[in-house]
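To start, the structure under review is shown below, and the notes come after it.
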Amino acid sequence: MADAKVIPFDDDRSRNGAPQRSVRRRAGSGRRKSVAESAREIPVGSVPGQLGGERAMPKDASAGGGTGAPGAGVGWDRRIAGGLAFLRRRLTGDYDVDEFGYDRELTDQVLMSLLRPLYAKYFRVEVKGIENIPSEGGALVVANHSGTLPLDGLMMQVAVHDNHPAGRHLRLLAADLVFVLPVINELARKAGHTLACSEDAERLLQRGEVVGVMPEGFKGIGKPFSERYKLQRFGRGGFVSTALRAGVPIVPCSIVGAEEIYPMIGNAKTLARLLGFPYFPITPTFPWLGPLGAVPLPTKWTIQFGEPIPTDGYPPEAAEDPMLMFNLTDQVREQIQHTLYKLLVQRRSVFF
């Protein structure tokens with residue numbers, strides 16, 4: 001990646017170190033048939049209440065919803081069988097990952113399930129305009145970035161995963177800092193995140209994926225609380241160039257609620273340089289309360305996806321036109337900023 005010509009999505013992303021590619025993996029044959037093997041033919045996610053599944057067991061007589069109902073034992077048997085089958089695949093390596101390391105089964109059945117309580121119960125996210133993301137084909141979702149820690153990207157990913165009628169999955173572009181952090185690096189790859197460079201983004205878009213980018217980068221997520229909901233500069237418009245080359249629509253996305261989860265009142269720049277971080281936040285609770293100060297405030301969120309901006313009507317050479325990129329970048333930025341102000345006016349309270 002160091003020798004490739006890369007158009008960065010924001011000024012904060014360094015140019016070195018693309019994420020290591022993962023390959024498709026399959027377990028070997030000849031395994032001895034186990035109890036879990038008998039459940040292999042049950043598709044993952046098709047069994048209500050299966051490990052990591054999204055739906056609860058229906059509470060009717062046929063499903064054994066009541067305590068001691070005849071179907072209760074059968075329901076639990078199927079849940080256990082499905083869970084054992086899932087664990088068997090994980091332990092034996094009998095699952096697929098794409099060239100970027102995306103593990104769809106793990107994301108659907110485990111990672112989304114871990115994030116969903118935070119999304120639905122803690123931040124109580126309200127989603128608007130999800131139909132503006134196309135049901136098929138590539139699309140580039142461009143959103144504002146805030147909150148000191150990048151929880152807004154994860155909540156946006158859950159919003160698309162759980163609410164889009166066509167079951168689309170959002171593939172986020174992340175800064176290279178994400179891919180050098182232990183544990184976070186592997187989880188990000190498994191969840192479908194990839195390095196925020198034009199080559200990877202264009203390949204995903206041409207494959208028909210929905211790709212998410214936050215062009216403000218660290219300037220947006222690490223800005224002081226006094227500048228909340230004021231968009232920072234959108235880099236040099238690299239995301240527009242990528243969308244033009246792929247011929248996919250740009251979907252502006254506005255997120256309200258993330259700014260207040262960690263009100264950043266200071267930045268320990270010296271400590272940040274020593275640790276290799278772009279900033280070291282000081283909030284009313286962190287670092288004064290230790291680990292307890294890292295708990296985000298339970299704000300009420302709204303995520304709104306705006307009207308898509310088409311790009312397929314431009315000629316191929318349009319991606320090299322700096323004036324066109326500037327105009328489209330400004331159009332996307334203004335649409336997100338206008339929607340943020342509109343949502344803030346409609347909001348009754350930060351927490352309700």
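By order of appearance in the structure tokens: chains A, B, ..., then residues from 1 within every chain, and ligands from 1 in the order shown.
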At a cut-off of 12 Å, using only C-alpha atoms, what residues contact Glu186 of chain A? Leave out same-chain residues fewer than 2 positions from it and give the result as a ChimeraX atom specification.
/A:19-22,100-103,178-184,188-194
Hey, can you spit out that residue selection with N, CA and C atoms as a compact mmCIF listing (two decimals), in the first residue's frame?
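Dumped everything to result_4.txt:
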```
# COMPACT_ATOMS: atom_id res chain seq x y z
N PRO A 19 -4.59 -2.75 5.85
CA PRO A 19 -4.87 -3.93 6.66
C PRO A 19 -4.52 -5.21 5.94
N GLN A 20 -4.01 -6.15 6.68
CA GLN A 20 -3.63 -7.42 6.10
C GLN A 20 -4.86 -8.16 5.63
N ARG A 21 -4.78 -8.75 4.46
CA ARG A 21 -5.92 -9.46 3.90
C ARG A 21 -6.08 -10.81 4.57
N SER A 22 -7.34 -11.18 4.75
CA SER A 22 -7.63 -12.52 5.22
C SER A 22 -8.12 -13.34 4.05
N PHE A 100 -11.03 -8.93 2.84
CA PHE A 100 -10.74 -7.87 3.79
C PHE A 100 -10.78 -8.37 5.24
N GLY A 101 -11.15 -9.62 5.43
CA GLY A 101 -11.25 -10.18 6.78
C GLY A 101 -12.64 -10.14 7.36
N TYR A 102 -13.64 -9.75 6.57
CA TYR A 102 -15.02 -9.63 7.06
C TYR A 102 -15.61 -11.01 7.33
N ASP A 103 -16.07 -11.22 8.54
CA ASP A 103 -16.69 -12.46 8.97
C ASP A 103 -18.18 -12.18 9.19
N VAL A 178 -6.85 2.34 14.08
CA VAL A 178 -7.69 1.22 14.48
C VAL A 178 -6.98 -0.11 14.24
N PHE A 179 -6.20 -0.17 13.16
CA PHE A 179 -5.61 -1.44 12.75
C PHE A 179 -4.24 -1.70 13.38
N VAL A 180 -3.82 -0.86 14.30
CA VAL A 180 -2.59 -1.14 15.04
C VAL A 180 -2.87 -1.39 16.52
N LEU A 181 -4.12 -1.25 16.93
CA LEU A 181 -4.49 -1.50 18.32
C LEU A 181 -4.78 -2.98 18.51
N PRO A 182 -4.18 -3.61 19.52
CA PRO A 182 -4.46 -5.03 19.76
C PRO A 182 -5.93 -5.25 20.09
N VAL A 183 -6.43 -6.39 19.69
CA VAL A 183 -7.83 -6.81 19.88
C VAL A 183 -8.76 -5.99 19.00
N ILE A 184 -8.71 -4.65 19.12
CA ILE A 184 -9.56 -3.78 18.30
C ILE A 184 -9.31 -4.05 16.83
N ALA A 188 -12.28 -5.21 14.39
CA ALA A 188 -12.67 -4.31 13.31
C ALA A 188 -12.69 -5.03 11.97
N ARG A 189 -11.69 -5.85 11.72
CA ARG A 189 -11.66 -6.61 10.47
C ARG A 189 -12.83 -7.58 10.40
N LYS A 190 -13.09 -8.28 11.51
CA LYS A 190 -14.20 -9.23 11.53
C LYS A 190 -15.53 -8.55 11.27
N ALA A 191 -15.67 -7.31 11.75
CA ALA A 191 -16.93 -6.57 11.59
C ALA A 191 -17.06 -5.93 10.21
N GLY A 192 -16.07 -6.10 9.35
CA GLY A 192 -16.17 -5.57 8.00
C GLY A 192 -15.54 -4.23 7.78
N HIS A 193 -14.79 -3.71 8.77
CA HIS A 193 -14.13 -2.42 8.60
C HIS A 193 -12.85 -2.61 7.79
N THR A 194 -12.48 -1.57 7.06
CA THR A 194 -11.25 -1.61 6.30
C THR A 194 -10.61 -0.24 6.29
```
Which residues, written as number ranges by chain, have at least one atom at most 9 Å from Ala294 of chain A, with only C-alpha atoms counted and residues fewer than 4 positions away on the same chain left out?
A: 262, 285-287, 289-290
Could you pull out the residues in segment 217-345 of chain A that DSSP calls helix (DSSP H, G or I) from the backbone, as a PyMOL selection string?
chain A and resi 218-221+225-227+238-246+258-260+269-275+290-294+316-320+322-345
Atoms kept (C-alpha atoms) for selection, written as a PDB file, in the first residue's frame:
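result_27.pdb was written with the following content:
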```
ATOM      1  CA  PHE A 218     -10.000  12.877  14.179  1.00  0.00           C
ATOM      2  CA  LYS A 219     -10.819  16.569  13.720  1.00  0.00           C
ATOM      3  CA  GLY A 220     -14.481  15.728  14.236  1.00  0.00           C
ATOM      4  CA  ILE A 221     -14.308  13.078  16.912  1.00  0.00           C
ATOM      5  CA  PHE A 225     -17.535  20.259  23.446  1.00  0.00           C
ATOM      6  CA  SER A 226     -17.885  23.976  22.749  1.00  0.00           C
ATOM      7  CA  GLU A 227     -17.808  23.173  18.998  1.00  0.00           C
ATOM      8  CA  GLY A 238     -11.409  11.947  -1.707  1.00  0.00           C
ATOM      9  CA  PHE A 239     -14.730  10.253  -0.918  1.00  0.00           C
ATOM     10  CA  VAL A 240     -16.414  12.167  -3.758  1.00  0.00           C
ATOM     11  CA  SER A 241     -13.738  11.074  -6.220  1.00  0.00           C
ATOM     12  CA  THR A 242     -14.224   7.452  -5.176  1.00  0.00           C
ATOM     13  CA  ALA A 243     -18.012   7.655  -5.539  1.00  0.00           C
ATOM     14  CA  LEU A 244     -17.623   9.216  -9.004  1.00  0.00           C
ATOM     15  CA  ARG A 245     -15.276   6.478 -10.197  1.00  0.00           C
ATOM     16  CA  ALA A 246     -17.599   3.757  -8.858  1.00  0.00           C
ATOM     17  CA  ALA A 258     -23.079  11.344  20.087  1.00  0.00           C
ATOM     18  CA  GLU A 259     -21.594  14.769  20.879  1.00  0.00           C
ATOM     19  CA  GLU A 260     -22.767  14.599  24.493  1.00  0.00           C
ATOM     20  CA  LYS A 269      -1.657  17.041  24.137  1.00  0.00           C
ATOM     21  CA  THR A 270       1.654  16.070  25.731  1.00  0.00           C
ATOM     22  CA  LEU A 271       0.231  12.817  27.043  1.00  0.00           C
ATOM     23  CA  ALA A 272      -1.395  12.184  23.668  1.00  0.00           C
ATOM     24  CA  ARG A 273       1.976  12.520  21.896  1.00  0.00           C
ATOM     25  CA  LEU A 274       3.622  10.155  24.366  1.00  0.00           C
ATOM     26  CA  LEU A 275       0.937   7.528  23.784  1.00  0.00           C
ATOM     27  CA  GLY A 290     -10.904   6.261  36.610  1.00  0.00           C
ATOM     28  CA  PRO A 291     -12.581   3.454  34.630  1.00  0.00           C
ATOM     29  CA  LEU A 292     -15.995   4.659  35.780  1.00  0.00           C
ATOM     30  CA  GLY A 293     -15.325   7.934  33.970  1.00  0.00           C
ATOM     31  CA  ALA A 294     -15.114   6.021  30.678  1.00  0.00           C
ATOM     32  CA  PRO A 316     -15.461   9.096 -16.263  1.00  0.00           C
ATOM     33  CA  GLU A 317     -13.052  12.040 -16.268  1.00  0.00           C
ATOM     34  CA  ALA A 318     -15.228  13.877 -13.703  1.00  0.00           C
ATOM     35  CA  ALA A 319     -13.342  12.137 -10.875  1.00  0.00           C
ATOM     36  CA  GLU A 320     -10.267  14.197 -11.796  1.00  0.00           C
ATOM     37  CA  PRO A 322     -11.097  19.400  -8.653  1.00  0.00           C
ATOM     38  CA  MET A 323     -13.857  21.994  -8.996  1.00  0.00           C
ATOM     39  CA  LEU A 324     -16.556  19.328  -9.309  1.00  0.00           C
ATOM     40  CA  MET A 325     -15.158  17.456  -6.299  1.00  0.00           C
ATOM     41  CA  PHE A 326     -15.145  20.682  -4.284  1.00  0.00           C
ATOM     42  CA  ASN A 327     -18.766  21.474  -5.224  1.00  0.00           C
ATOM     43  CA  LEU A 328     -20.042  17.978  -4.448  1.00  0.00           C
ATOM     44  CA  THR A 329     -18.100  17.842  -1.183  1.00  0.00           C
ATOM     45  CA  ASP A 330     -19.588  21.168  -0.146  1.00  0.00           C
ATOM     46  CA  GLN A 331     -23.070  19.983  -1.147  1.00  0.00           C
ATOM     47  CA  VAL A 332     -22.790  16.865   1.018  1.00  0.00           C
ATOM     48  CA  ARG A 333     -21.363  18.817   3.926  1.00  0.00           C
ATOM     49  CA  GLU A 334     -24.083  21.471   3.773  1.00  0.00           C
ATOM     50  CA  GLN A 335     -26.825  18.858   3.613  1.00  0.00           C
ATOM     51  CA  ILE A 336     -25.479  17.085   6.714  1.00  0.00           C
ATOM     52  CA  GLN A 337     -25.037  20.363   8.613  1.00  0.00           C
ATOM     53  CA  HIS A 338     -28.539  21.591   7.725  1.00  0.00           C
ATOM     54  CA  THR A 339     -30.069  18.294   8.877  1.00  0.00           C
ATOM     55  CA  LEU A 340     -28.106  18.442  12.159  1.00  0.00           C
ATOM     56  CA  TYR A 341     -29.539  21.877  12.930  1.00  0.00           C
ATOM     57  CA  LYS A 342     -33.033  20.670  12.034  1.00  0.00           C
ATOM     58  CA  LEU A 343     -32.765  17.630  14.313  1.00  0.00           C
ATOM     59  CA  LEU A 344     -31.400  19.746  17.159  1.00  0.00           C
ATOM     60  CA  VAL A 345     -34.389  22.098  16.932  1.00  0.00           C
TER      61      VAL A 345
END
```
Output as a PyMOL selection string all residues of segment 75-197 of chain A that backbone DSSP marks as strand (DSSP E).
chain A and resi 126-128+139-143+170-174+194-195
Mind dumping the selected residues with N, CA and C atoms as a PDB file, in the first residue's frame?
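That gives us again_9.pdb:
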```pdb
ATOM      1  N   GLU A 126     -33.050   6.373  17.369  1.00  0.00           N
ATOM      2  CA  GLU A 126     -34.176   6.512  16.440  1.00  0.00           C
ATOM      3  C   GLU A 126     -33.598   6.696  15.038  1.00  0.00           C
ATOM      4  N   VAL A 127     -34.065   5.911  14.087  1.00  0.00           N
ATOM      5  CA  VAL A 127     -33.532   5.930  12.727  1.00  0.00           C
ATOM      6  C   VAL A 127     -34.576   6.510  11.778  1.00  0.00           C
ATOM      7  N   LYS A 128     -34.129   7.425  10.940  1.00  0.00           N
ATOM      8  CA  LYS A 128     -35.008   8.048   9.944  1.00  0.00           C
ATOM      9  C   LYS A 128     -34.360   7.943   8.562  1.00  0.00           C
ATOM     10  N   ALA A 139     -23.322   1.964  -2.539  1.00  0.00           N
ATOM     11  CA  ALA A 139     -23.705   3.295  -2.062  1.00  0.00           C
ATOM     12  C   ALA A 139     -22.661   3.735  -1.045  1.00  0.00           C
ATOM     13  N   LEU A 140     -22.385   5.036  -1.025  1.00  0.00           N
ATOM     14  CA  LEU A 140     -21.419   5.589  -0.078  1.00  0.00           C
ATOM     15  C   LEU A 140     -22.158   6.458   0.927  1.00  0.00           C
ATOM     16  N   VAL A 141     -22.199   6.020   2.186  1.00  0.00           N
ATOM     17  CA  VAL A 141     -22.847   6.772   3.263  1.00  0.00           C
ATOM     18  C   VAL A 141     -21.798   7.672   3.912  1.00  0.00           C
ATOM     19  N   VAL A 142     -22.061   8.978   3.909  1.00  0.00           N
ATOM     20  CA  VAL A 142     -21.131   9.971   4.456  1.00  0.00           C
ATOM     21  C   VAL A 142     -21.778  10.610   5.678  1.00  0.00           C
ATOM     22  N   ALA A 143     -21.126  10.521   6.840  1.00  0.00           N
ATOM     23  CA  ALA A 143     -21.731  10.981   8.094  1.00  0.00           C
ATOM     24  C   ALA A 143     -20.800  11.914   8.856  1.00  0.00           C
ATOM     25  N   LEU A 170     -23.393  -2.475   6.455  1.00  0.00           N
ATOM     26  CA  LEU A 170     -22.548  -1.291   6.275  1.00  0.00           C
ATOM     27  C   LEU A 170     -21.095  -1.661   6.524  1.00  0.00           C
ATOM     28  N   ARG A 171     -20.227  -1.359   5.557  1.00  0.00           N
ATOM     29  CA  ARG A 171     -18.792  -1.604   5.671  1.00  0.00           C
ATOM     30  C   ARG A 171     -18.112  -0.264   5.942  1.00  0.00           C
ATOM     31  N   LEU A 172     -17.614  -0.091   7.158  1.00  0.00           N
ATOM     32  CA  LEU A 172     -17.040   1.185   7.565  1.00  0.00           C
ATOM     33  C   LEU A 172     -15.576   1.308   7.162  1.00  0.00           C
ATOM     34  N   LEU A 173     -15.174   2.518   6.778  1.00  0.00           N
ATOM     35  CA  LEU A 173     -13.777   2.843   6.522  1.00  0.00           C
ATOM     36  C   LEU A 173     -13.213   3.466   7.787  1.00  0.00           C
ATOM     37  N   ALA A 174     -12.104   2.919   8.268  1.00  0.00           N
ATOM     38  CA  ALA A 174     -11.546   3.347   9.551  1.00  0.00           C
ATOM     39  C   ALA A 174     -10.132   3.876   9.379  1.00  0.00           C
ATOM     40  N   THR A 194     -12.485  -1.572   7.056  1.00  0.00           N
ATOM     41  CA  THR A 194     -11.246  -1.611   6.297  1.00  0.00           C
ATOM     42  C   THR A 194     -10.606  -0.236   6.290  1.00  0.00           C
ATOM     43  N   LEU A 195      -9.376  -0.167   5.847  1.00  0.00           N
ATOM     44  CA  LEU A 195      -8.619   1.077   5.883  1.00  0.00           C
ATOM     45  C   LEU A 195      -9.257   2.140   4.994  1.00  0.00           C
TER      46      LEU A 195
END
```
Would you kindly return, as a ChimeraX atom specification, each protein, DNA or RNA residue with an atom no farther than 8 Å from any atom of Leu115 of chain A, considering only C-alpha atoms and excluding same-chain residues fewer than 2 positions away?
/A:111-113,117-119,154-155,158
Pick from A:Gly138, A:Gln232, A:Gly306, A:Pro263 nearest to Arg203 of chain A, counting only C-alpha atoms:
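Of A:Gly138, A:Gln232, A:Gly306, A:Pro263, the one nearest Arg203 of chain A is A:Gly138, counting only C-alpha atoms.
The spacing separating atom CA of Gln157 of chain A from atom CA of Phe86 of chain A amounts to 22.8 Å.
In terms of minimum interatomic distance to Gln304 of chain A, A:Ile255 ranks closest within A:Val211, A:Trp76, A:Ile255, A:Ala175, counting only C-alpha atoms.
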Contacts of His169 of chain A at 7 Å (only C-alpha atoms; same-chain gap of 5+ positions) as a list in words
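These residues fall inside the cut-off: Val160, His161 and Val210 of chain A.
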Print the selection's residues with C-alpha atoms to a file, as a PDB file, in the first residue's frame.
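In the end it all went to again17.pdb:
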```pdb
ATOM      1  CA  VAL A 160     -28.349  -0.202   8.816  1.00  0.00           C
ATOM      2  CA  HIS A 161     -28.057  -3.872   9.803  1.00  0.00           C
ATOM      3  CA  VAL A 210     -22.767  -0.127   1.234  1.00  0.00           C
TER       4      VAL A 210
END
```
Between atom CA of Gly257 of chain A and atom CA of Lys300 of chain A - distance in Å to one decimal
5.7 Å
One-decimal distance in Å that lies between atom CA of Leu205 of chain A and atom CA of Pro278 of chain A
28.9 Å
Counting only C-alpha atoms, what is within 8 Å of Asn163 of chain A, bar same-chain residues fewer than 4 positions away, as a list in words?
Val127, Ile130, Ala159 and Gly167 of chain A
Nearest to Pro281 of chain A: which of A:Arg78, A:Lys223, A:Arg233, A:Arg228 is it, counting only C-alpha atoms?
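Nearest candidate to Pro281 of chain A out of A:Arg78, A:Lys223, A:Arg233, A:Arg228: A:Lys223.
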